[in-house]
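Dumped entry_12.txt below, it's compact mmCIF, C-alpha atoms and all ligand atoms:
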# COMPACT_ATOMS: atom_id res chain seq x y z
CA MET I 1 -14.65 -51.68 91.14
CA SER I 2 -15.44 -48.59 93.18
CA HIS I 3 -18.92 -47.27 92.67
CA ILE I 4 -19.09 -44.22 90.39
CA ALA I 5 -21.78 -41.72 91.40
CA PRO I 6 -24.47 -41.02 88.77
CA VAL I 7 -23.52 -37.34 88.75
CA THR I 8 -20.29 -38.37 86.97
CA LEU I 9 -22.38 -39.14 83.88
CA VAL I 10 -23.93 -35.66 83.99
CA GLN I 11 -20.42 -34.17 84.16
CA LYS I 12 -19.42 -36.17 81.08
CA LEU I 13 -22.53 -35.01 79.22
CA ALA I 14 -21.73 -31.37 80.08
CA GLN I 15 -18.15 -31.83 78.80
CA ARG I 16 -19.38 -33.41 75.60
CA HIS I 17 -21.90 -30.62 75.14
CA ALA I 18 -19.04 -28.12 75.47
CA GLY I 19 -17.00 -30.08 72.90
CA LYS I 20 -14.41 -31.05 75.55
CA ALA I 21 -14.93 -34.82 75.44
CA PRO I 22 -15.37 -37.29 72.58
CA GLY I 23 -18.57 -39.20 71.84
CA PRO I 24 -18.86 -42.97 71.47
CA THR I 25 -16.58 -44.98 69.22
CA PRO I 26 -18.23 -45.88 65.90
CA CYS I 27 -19.00 -49.58 65.44
CA SER I 28 -21.19 -51.92 63.40
CA LYS I 29 -22.44 -54.84 65.49
CA ARG I 30 -25.03 -57.39 64.46
CA VAL I 31 -27.55 -59.43 66.45
CA PRO I 32 -29.09 -62.37 64.56
CA VAL I 33 -32.84 -62.20 63.92
CA SER I 34 -33.13 -65.70 65.40
CA ALA I 35 -32.31 -64.21 68.83
CA TYR I 36 -35.76 -62.56 68.66
CA THR I 37 -37.79 -65.19 66.84
CA ASP I 38 -36.46 -68.65 67.73
CA ARG I 39 -38.54 -70.80 70.12
CA GLU I 40 -35.58 -72.73 71.55
CA ARG I 41 -33.73 -69.50 72.21
CA PHE I 42 -36.82 -68.16 73.97
CA GLU I 43 -36.90 -71.20 76.30
CA GLN I 44 -33.19 -70.76 77.09
CA GLU I 45 -33.72 -67.09 77.97
CA ARG I 46 -36.68 -67.97 80.14
CA GLU I 47 -34.61 -70.45 82.13
CA ALA I 48 -31.33 -68.51 82.30
CA LEU I 49 -32.63 -64.97 82.66
CA PHE I 50 -36.13 -65.06 84.12
CA LEU I 51 -36.57 -68.12 86.35
CA SER I 52 -33.26 -68.05 88.19
CA ARG I 53 -32.63 -64.45 89.20
CA PRO I 54 -34.38 -61.72 91.19
CA LEU I 55 -37.02 -59.76 89.26
CA ILE I 56 -38.88 -56.58 90.20
CA ILE I 57 -42.58 -57.33 90.69
CA ALA I 58 -43.92 -54.02 92.00
CA HIS I 59 -43.28 -51.04 94.24
CA GLU I 60 -44.31 -51.92 97.78
CA THR I 61 -46.74 -48.96 97.92
CA GLN I 62 -48.82 -50.76 95.27
CA ILE I 63 -49.91 -53.18 98.01
CA PRO I 64 -49.84 -51.00 101.14
CA ASN I 65 -52.37 -52.84 103.37
CA PRO I 66 -52.71 -56.40 104.73
CA GLY I 67 -54.49 -58.53 102.13
CA ASP I 68 -53.41 -56.36 99.18
CA ALA I 69 -52.09 -58.69 96.48
CA ILE I 70 -50.94 -58.94 92.90
CA VAL I 71 -51.93 -62.07 90.97
CA TYR I 72 -49.94 -62.79 87.82
CA ASP I 73 -49.10 -65.62 85.42
CA TRP I 74 -46.50 -63.57 83.52
CA LEU I 75 -43.66 -66.01 84.12
CA GLY I 76 -45.58 -69.00 82.80
CA LEU I 77 -46.64 -70.15 86.27
CA PRO I 78 -49.43 -68.82 88.51
CA LEU I 79 -48.04 -66.54 91.22
CA ILE I 80 -49.36 -64.28 93.94
CA THR I 81 -47.47 -61.60 95.83
CA VAL I 82 -49.38 -60.58 98.96
CA ARG I 83 -48.95 -58.48 102.10
CA ASP I 84 -49.85 -60.43 105.25
CA LYS I 85 -51.40 -59.27 108.53
CA ALA I 86 -47.97 -58.49 110.01
CA GLY I 87 -47.20 -56.23 107.03
CA ASP I 88 -44.66 -58.61 105.49
CA ILE I 89 -44.72 -59.30 101.76
CA GLY I 90 -44.48 -62.86 100.41
CA THR I 91 -44.81 -64.56 97.05
CA PHE I 92 -46.42 -67.98 96.61
CA ILE I 93 -47.20 -70.30 93.77
CA ASN I 94 -50.92 -69.60 93.36
CA VAL I 95 -51.85 -73.28 93.39
CA CYS I 96 -53.84 -75.27 95.93
CA ARG I 97 -51.96 -78.06 97.73
CA HIS I 98 -54.98 -80.42 97.58
CA ARG I 99 -55.53 -81.26 93.93
CA GLY I 100 -53.62 -78.46 92.33
CA MET I 101 -56.31 -75.95 91.37
CA ARG I 102 -55.13 -72.43 90.50
CA LEU I 103 -56.18 -70.69 93.69
CA VAL I 104 -56.98 -66.98 93.33
CA GLN I 105 -58.65 -66.48 89.99
CA GLU I 106 -58.69 -62.82 89.11
CA GLU I 107 -55.44 -61.48 87.69
CA GLY I 108 -53.99 -58.12 88.60
CA GLN I 109 -54.30 -56.12 91.78
CA THR I 110 -56.75 -57.32 94.38
CA CYS I 111 -57.49 -57.34 98.11
CA LEU I 112 -58.09 -60.60 99.99
CA ARG I 113 -58.95 -61.68 103.53
CA SER I 114 -57.79 -65.22 102.93
CA LEU I 115 -57.11 -67.45 99.94
CA VAL I 116 -59.96 -69.88 99.36
CA CYS I 117 -59.75 -72.58 96.72
CA PRO I 118 -62.92 -72.61 94.58
CA TYR I 119 -62.76 -76.42 94.17
CA HIS I 120 -63.17 -77.84 97.73
CA GLN I 121 -62.61 -74.64 99.69
CA TRP I 122 -59.30 -75.40 101.33
CA THR I 123 -58.41 -72.06 102.89
CA TYR I 124 -54.99 -70.44 103.31
CA GLY I 125 -53.93 -67.41 105.36
CA LEU I 126 -52.25 -64.35 103.85
CA ASP I 127 -48.98 -65.83 105.10
CA GLY I 128 -49.58 -68.96 102.97
CA ALA I 129 -50.36 -71.26 105.94
CA LEU I 130 -53.14 -73.81 105.46
CA ARG I 131 -55.95 -72.70 107.78
CA ASN I 132 -58.93 -74.93 107.04
CA ILE I 133 -59.73 -78.24 105.36
CA PRO I 134 -63.49 -78.90 105.06
CA ARG I 135 -64.37 -82.43 106.25
CA ASP I 136 -60.82 -83.04 107.33
CA GLU I 137 -61.87 -86.26 109.10
CA SER I 138 -61.96 -87.85 105.63
CA PHE I 139 -58.15 -87.71 105.29
CA VAL I 140 -55.50 -89.65 107.18
CA ASP I 141 -52.00 -88.57 108.20
CA LEU I 142 -52.32 -84.97 107.03
CA ASP I 143 -50.02 -82.42 108.58
CA PRO I 144 -51.40 -78.96 107.69
CA SER I 145 -48.00 -77.42 108.40
CA ASP I 146 -46.65 -79.36 105.38
CA LEU I 147 -49.43 -78.12 103.15
CA GLY I 148 -48.96 -74.37 103.13
CA LEU I 149 -48.65 -72.58 99.81
CA VAL I 150 -45.27 -73.00 98.14
CA PRO I 151 -43.25 -69.85 98.93
CA LEU I 152 -40.79 -68.16 96.59
CA PRO I 153 -37.92 -65.94 97.78
CA THR I 154 -39.13 -62.34 98.11
CA GLU I 155 -37.50 -59.22 99.52
CA VAL I 156 -38.21 -55.49 99.58
CA ARG I 157 -35.26 -53.23 98.74
CA ASN I 158 -35.37 -49.54 97.77
CA GLY I 159 -39.17 -49.81 98.04
CA LEU I 160 -39.17 -52.39 95.24
CA ILE I 161 -40.51 -55.94 95.70
CA TRP I 162 -38.01 -58.44 94.28
CA MET I 163 -38.94 -62.07 93.71
CA GLN I 164 -37.19 -65.12 92.33
CA ALA I 165 -39.46 -67.70 90.65
CA GLU I 166 -37.40 -70.65 91.81
CA LYS I 167 -38.74 -73.04 94.44
CA ASP I 168 -36.34 -73.94 97.27
CA ALA I 169 -33.82 -71.37 96.04
CA SER I 170 -32.19 -68.67 98.10
CA MET I 171 -32.11 -65.25 96.50
CA ASP I 172 -28.82 -63.34 96.60
CA LEU I 173 -30.15 -59.85 96.01
CA ASP I 174 -26.90 -58.11 96.95
CA ALA I 175 -24.97 -60.07 94.34
CA HIS I 176 -27.64 -59.30 91.75
CA LEU I 177 -27.77 -55.57 92.55
CA ALA I 178 -23.98 -55.16 92.52
CA GLY I 179 -24.38 -51.72 94.13
CA LEU I 180 -27.39 -50.58 92.09
CA ASP I 181 -29.25 -49.96 95.36
CA ARG I 182 -26.96 -46.98 96.08
CA ASP I 183 -28.05 -45.31 92.85
CA LEU I 184 -31.71 -46.06 93.55
CA ASP I 185 -31.28 -44.36 96.94
CA GLN I 186 -30.10 -41.21 95.17
CA PHE I 187 -33.35 -41.16 93.20
CA ASP I 188 -35.35 -41.78 96.41
CA MET I 189 -36.91 -44.91 94.98
CA ALA I 190 -38.22 -45.95 98.41
CA GLY I 191 -39.77 -42.53 99.12
CA PHE I 192 -42.00 -42.46 96.01
CA HIS I 193 -45.59 -43.73 95.87
CA PHE I 194 -47.55 -45.93 93.54
CA CYS I 195 -49.87 -43.72 91.46
CA GLN I 196 -51.17 -45.79 88.54
CA GLN I 197 -50.39 -48.69 86.24
CA HIS I 198 -51.18 -49.95 82.74
CA VAL I 199 -50.50 -53.61 81.92
CA ARG I 200 -50.81 -54.69 78.29
CA THR I 201 -49.68 -57.58 76.09
CA ILE I 202 -47.76 -56.52 73.00
CA ASP I 203 -46.84 -58.46 69.86
CA CYS I 204 -43.06 -58.38 69.90
CA ASN I 205 -40.05 -59.97 71.51
CA TRP I 206 -39.16 -58.51 74.91
CA LYS I 207 -35.63 -57.58 73.80
CA LEU I 208 -36.93 -55.24 71.09
CA VAL I 209 -38.41 -53.11 73.86
CA GLN I 210 -35.14 -53.16 75.79
CA ASP I 211 -33.29 -52.18 72.59
CA ALA I 212 -35.60 -49.16 72.23
CA PHE I 213 -35.04 -48.04 75.83
CA LEU I 214 -31.26 -48.53 75.54
CA ASP I 215 -30.81 -46.29 72.50
CA GLY I 216 -30.43 -42.50 72.60
CA TYR I 217 -30.13 -42.41 68.79
CA HIS I 218 -33.90 -42.39 68.21
CA VAL I 219 -34.97 -39.84 70.82
CA VAL I 220 -35.11 -36.66 68.69
CA ARG I 221 -36.27 -38.66 65.66
CA LEU I 222 -38.98 -41.12 66.71
CA HIS I 223 -40.16 -38.81 69.51
CA LYS I 224 -39.98 -35.60 67.45
CA ASN I 225 -43.64 -34.73 68.08
CA THR I 226 -43.67 -35.56 71.80
CA VAL I 227 -40.63 -35.50 74.13
CA GLY I 228 -37.90 -35.22 71.47
CA PRO I 229 -37.73 -31.38 71.59
CA PHE I 230 -36.60 -31.60 75.27
CA PHE I 231 -33.34 -33.31 74.25
CA PRO I 232 -30.26 -32.49 72.14
CA ASP I 233 -29.46 -35.10 69.49
CA ALA I 234 -28.06 -38.39 70.82
CA LEU I 235 -26.09 -36.90 73.69
CA ALA I 236 -26.09 -39.87 76.03
CA GLU I 237 -23.66 -41.63 78.38
CA SER I 238 -24.05 -45.12 79.74
CA ASP I 239 -22.13 -47.62 81.83
CA LEU I 240 -22.69 -50.92 83.62
CA ILE I 241 -23.39 -51.59 87.29
CA GLY I 242 -23.07 -55.37 87.43
CA ASP I 243 -25.30 -56.52 84.58
CA HIS I 244 -27.51 -53.43 84.82
CA THR I 245 -27.19 -50.54 82.39
CA ARG I 246 -27.19 -46.98 83.69
CA SER I 247 -27.96 -44.37 81.01
CA ALA I 248 -28.07 -40.60 81.21
CA VAL I 249 -29.50 -38.70 78.26
CA ALA I 250 -28.77 -34.96 78.24
CA ARG I 251 -31.79 -32.66 78.41
CA ASN I 252 -31.58 -29.22 76.76
CA GLU I 253 -30.78 -27.86 80.23
CA ILE I 254 -27.34 -29.52 79.97
CA ALA I 255 -26.24 -26.20 78.40
CA GLU I 256 -26.61 -24.63 81.88
CA ALA I 257 -24.49 -27.35 83.49
CA VAL I 258 -21.22 -26.79 81.66
CA ASP I 259 -19.49 -24.66 84.30
CA LEU I 260 -21.47 -25.74 87.36
CA PRO I 261 -19.75 -27.37 90.34
CA GLU I 262 -20.70 -30.99 90.95
CA GLU I 263 -23.01 -30.22 93.88
CA GLN I 264 -25.18 -28.03 91.67
CA LEU I 265 -25.72 -30.67 88.98
CA ASP I 266 -29.26 -32.02 89.12
CA LEU I 267 -29.80 -35.61 88.02
CA ARG I 268 -33.43 -35.02 86.95
CA TYR I 269 -33.09 -31.49 85.53
CA HIS I 270 -29.90 -31.51 83.45
CA SER I 271 -30.40 -35.07 82.24
CA SER I 272 -32.84 -37.93 82.13
CA PHE I 273 -31.62 -41.13 83.80
CA SER I 274 -32.84 -44.59 83.02
CA TYR I 275 -31.67 -47.94 84.38
CA THR I 276 -32.14 -51.19 82.52
CA VAL I 277 -32.33 -53.55 85.48
CA PHE I 278 -31.19 -56.83 84.01
CA PRO I 279 -32.91 -58.53 82.42
CA ASN I 280 -36.46 -57.21 82.23
CA ALA I 281 -37.07 -53.87 83.91
CA VAL I 282 -36.48 -50.23 83.03
CA LEU I 283 -36.58 -47.49 85.66
CA ILE I 284 -36.94 -44.00 84.18
CA PHE I 285 -36.44 -40.93 86.33
CA HIS I 286 -38.49 -38.15 84.70
CA PRO I 287 -38.26 -34.61 86.13
CA GLU I 288 -41.49 -34.97 88.17
CA TYR I 289 -42.14 -38.68 88.51
CA THR I 290 -40.68 -42.16 87.99
CA SER I 291 -41.69 -44.90 85.53
CA ILE I 292 -41.13 -48.61 86.14
CA ILE I 293 -41.47 -50.74 83.03
CA SER I 294 -41.43 -54.51 83.52
CA LEU I 295 -41.32 -56.94 80.62
CA PHE I 296 -42.39 -60.57 80.82
CA PRO I 297 -42.02 -62.70 77.70
CA LEU I 298 -44.99 -64.98 76.98
CA SER I 299 -43.56 -66.33 73.70
CA PRO I 300 -40.84 -65.24 71.24
CA GLY I 301 -43.28 -62.71 69.76
CA GLN I 302 -45.46 -61.78 72.74
CA THR I 303 -44.58 -59.82 75.85
CA VAL I 304 -46.37 -58.41 78.88
CA PHE I 305 -45.48 -54.71 79.17
CA ALA I 306 -46.38 -53.32 82.60
CA HIS I 307 -45.90 -49.60 83.14
CA THR I 308 -46.17 -48.19 86.65
CA MET I 309 -46.04 -44.51 87.54
CA LEU I 310 -44.61 -43.48 90.91
CA THR I 311 -45.03 -39.93 92.18
CA PRO I 312 -43.15 -38.07 94.93
CA GLN I 313 -46.34 -37.87 96.99
CA LEU I 314 -49.89 -39.15 96.77
CA PRO I 315 -52.11 -36.61 94.97
CA GLU I 316 -53.33 -34.09 97.52
CA SER I 317 -56.05 -32.46 95.44
CA GLU I 318 -58.25 -33.09 92.42
CA GLU I 319 -56.04 -30.72 90.47
CA GLN I 320 -52.90 -32.66 91.34
CA ARG I 321 -54.62 -35.95 90.50
CA ASP I 322 -55.55 -34.54 87.06
CA HIS I 323 -52.00 -33.32 86.53
CA PHE I 324 -50.53 -36.78 87.27
CA GLN I 325 -53.22 -38.37 85.11
CA ARG I 326 -52.36 -36.15 82.13
CA SER I 327 -48.62 -36.82 82.58
CA PHE I 328 -49.30 -40.56 82.68
CA GLN I 329 -51.45 -40.43 79.52
CA LEU I 330 -48.79 -38.49 77.64
CA ILE I 331 -45.92 -40.80 78.55
CA ASP I 332 -47.82 -44.11 78.62
CA GLN I 333 -49.88 -43.75 75.47
CA GLY I 334 -48.42 -40.79 73.59
CA VAL I 335 -44.77 -41.84 73.95
CA PHE I 336 -44.43 -45.50 75.00
CA GLU I 337 -47.38 -47.02 73.14
CA ALA I 338 -47.58 -44.78 70.06
CA GLU I 339 -43.81 -44.58 69.59
CA ASP I 340 -41.53 -47.07 71.45
CA ILE I 341 -43.97 -50.02 71.40
CA PHE I 342 -45.03 -49.08 67.86
CA VAL I 343 -41.46 -49.49 66.55
CA SER I 344 -40.89 -52.66 68.59
CA ILE I 345 -43.96 -54.30 67.05
CA GLY I 346 -42.96 -52.99 63.62
CA ALA I 347 -39.47 -54.46 63.97
CA GLN I 348 -40.91 -57.86 65.00
CA ARG I 349 -43.08 -57.91 61.88
CA GLY I 350 -40.11 -56.73 59.84
CA MET I 351 -37.98 -59.61 61.11
CA LEU I 352 -40.59 -62.16 60.17
CA SER I 353 -40.43 -60.87 56.56
CA GLY I 354 -36.99 -62.42 55.97
CA ALA I 355 -35.56 -59.09 54.75
CA ASN I 356 -32.76 -59.24 57.32
CA ASP I 357 -30.75 -62.08 58.83
CA SER I 358 -29.52 -59.75 61.56
CA LEU I 359 -30.18 -56.33 63.11
CA LEU I 360 -27.47 -53.66 62.94
CA PHE I 361 -26.31 -51.50 65.88
CA GLY I 362 -23.91 -48.54 65.61
CA GLY I 363 -21.88 -46.53 68.12
CA LEU I 364 -24.90 -44.53 69.32
CA GLU I 365 -26.52 -47.86 70.23
CA GLU I 366 -23.56 -49.19 72.24
CA ALA I 367 -25.63 -49.75 75.38
CA ALA I 368 -27.90 -52.16 73.46
CA VAL I 369 -24.82 -53.98 72.13
CA ARG I 370 -23.54 -54.47 75.71
CA PHE I 371 -26.98 -55.73 76.78
CA HIS I 372 -26.93 -58.40 74.05
CA ASP I 373 -23.35 -59.37 74.98
CA ILE I 374 -24.46 -60.01 78.58
CA ILE I 375 -27.38 -62.16 77.40
CA GLU I 376 -25.02 -64.18 75.17
CA ARG I 377 -22.68 -64.71 78.15
CA GLU I 378 -25.55 -65.92 80.34
CA LEU I 379 -26.92 -68.28 77.69
CA ALA I 380 -23.44 -69.68 77.01
CA ALA I 381 -23.21 -70.50 80.73
CA ILE I 382 -26.25 -72.79 80.52
CA THR I 383 -25.59 -74.29 77.10
CA HIS I 384 -21.81 -74.85 77.71
CA PRO I 385 -21.50 -74.90 81.51
S1 LIG M 401 -58.12 -78.48 94.71
FE1 LIG M 401 -58.19 -76.86 96.10
S2 LIG M 401 -59.55 -77.50 97.61
FE2 LIG M 401 -59.43 -79.15 96.28
FE FE M 402 -37.96 -43.97 73.11
Can the structure from this file be put into structure tokens for me?
Amino acid sequence: MSHIAPVTLVQKLAQRHAGKAPGPTPCSKRVPVSAYTDRERFEQEREALFLSRPLIIAHETQIPNPGDAIVYDWLGLPLITVRDKAGDIGTFINVCRHRGMRLVQEEGQTCLRSLVCPYHQWTYGLDGALRNIPRDESFVDLDPSDLGLVPLPTEVRNGLIWMQAEKDASMDLDAHLAGLDRDLDQFDMAGFHFCQQHVRTIDCNWKLVQDAFLDGYHVVRLHKNTVGPFFPDALAESDLIGDHTRSAVARNEIAEAVDLPEEQLDLRYHSSFSYTVFPNAVLIFHPEYTSIISLFPLSPGQTVFAHTMLTPQLPESEEQRDHFQRSFQLIDQGVFEAEDIFVSIGAQRGMLSGANDSLLFGGLEEAAVRFHDIIERELAAITHP
């Protein structure tokens, strides 16, 4: 399939705004509640969706200097992604090769000179190589080159660090992206800078959050006191790039776009683009900055929600720093936490009540329906190969 430029979605939105193109086809689709609450289903998703495909871990500007690292257990195994002395980024299982101690203790962002095991102080370089064994004369037949940290496939593309949590696997990032990298280029993903991040654990299934970010139906309703007034009601277009969903939601400025030639359409001004990068990330291109949301399921009802703000440049003054800080507060707490996460947690509690056997999705939620169809396809491939 030839790659359709994102501006095509803005053109469709302008036509729909002018009443020259139809909206989505009505439908009533159902997703069983068990898809969000069942433990066995959770394990299948973990294996088929999270442990065997490339995932976005961070923007590379989050760890700009040698020794900068991110330590995380979000995938159910201890991992560390670190920049080495040569500037290359690698991911390792954060476990000592001696007697298996979890190596670097503190979680989150850190800066290291080397990786020293607290137990017997075996020491590893930033490139994962084993550098020192105290009292090494007490071992026989040890080859330090066999005892480096266990590496996992890692690659930087569009400024994003991609990692696959599968030992001895090769990562086919091109196949996974299916052309998504061309869109990310248009939004200058690689040219933006890490600004700040908020990582929290929330009490709901990870797919409830994806459902919220895939639906334009709620924007003027749930967000009526925050960002809702910037948008007309449920005027959204979406399509698939591989397994990834590309969505454009019209902003009020779409009214100015109706008769504009293509080259004058502005992806961030006339519309608001978001990409659900399958399975667990959402990239949102706000007018002035970019949000990366990454979801990591800890259990059927618990999810790590990491929100990272990228800005076009590093803050150059106190005033600019304050401005970015206020924008982050508004979107991170005022919108995501108080509204999107609020309804995701509420829906999880609602499902546990037994009131519904399934959740209902209509035509304005078609992108969420497609997302669930892709998950079903992937799970069918492991349960009926
Ligand atoms: S377990 Fe790490 S040095 Fe012994
Ligand atoms: Fe929302």
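Rounded to one decimal, CA of Ala58 (chain I) and CA of Thr308 (chain I) lie 8.2 Å from each other.
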Given 8 Å of margin on each side, can you work out the centre and size in Å (one decimal) of an axis-aligned box holding every listed atom of region 205-214 of chain I, as JSON?
{"center_x": -35.7, "center_y": -54.0, "center_z": 73.5, "size_x": 24.8, "size_y": 27.9, "size_z": 20.7}
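Distance check against ligand LIG 401 (chain M) using all atoms listed in the file: of I:Val95, I:Cys117, I:Leu180, I:Ala5, the minimum falls on I:Cys117.
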**Item:** Best match for closeness to ligand FE 402 (chain M) among I:Leu235, I:Leu51, I:Leu112, I:Ala338, counting only C-alpha atoms and all ligand atoms
**Value:** I:Ala338
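Shortest atom-to-atom contact with ligand FE 402 (chain M) among I:Asp136, I:Asp373, I:Asp233, I:Glu339: I:Glu339, counting all atoms listed in the file.
Using all atoms listed in the file for every distance, the candidate list I:Ala347, I:Val82, I:Ala234, I:Val249 yields I:Val249 as the residue closest to Pro6 (chain I).
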**Message:** Could you list the protein, DNA and RNA residues that have any atom within 9 Å of ligand LIG 401 (chain M), counting all atoms listed in the file, and write them as a ChimeraX atom specification?
**Reply:** /I:95-103,116-123,133-134
**Request:** Grab me every residue within 7 Å of ligand FE 402 (chain M), counting only C-alpha atoms and all ligand atoms, and send it over as a PyMOL selection string.
**Result:** chain I and resi 212-213+218-219+223+336+339-340
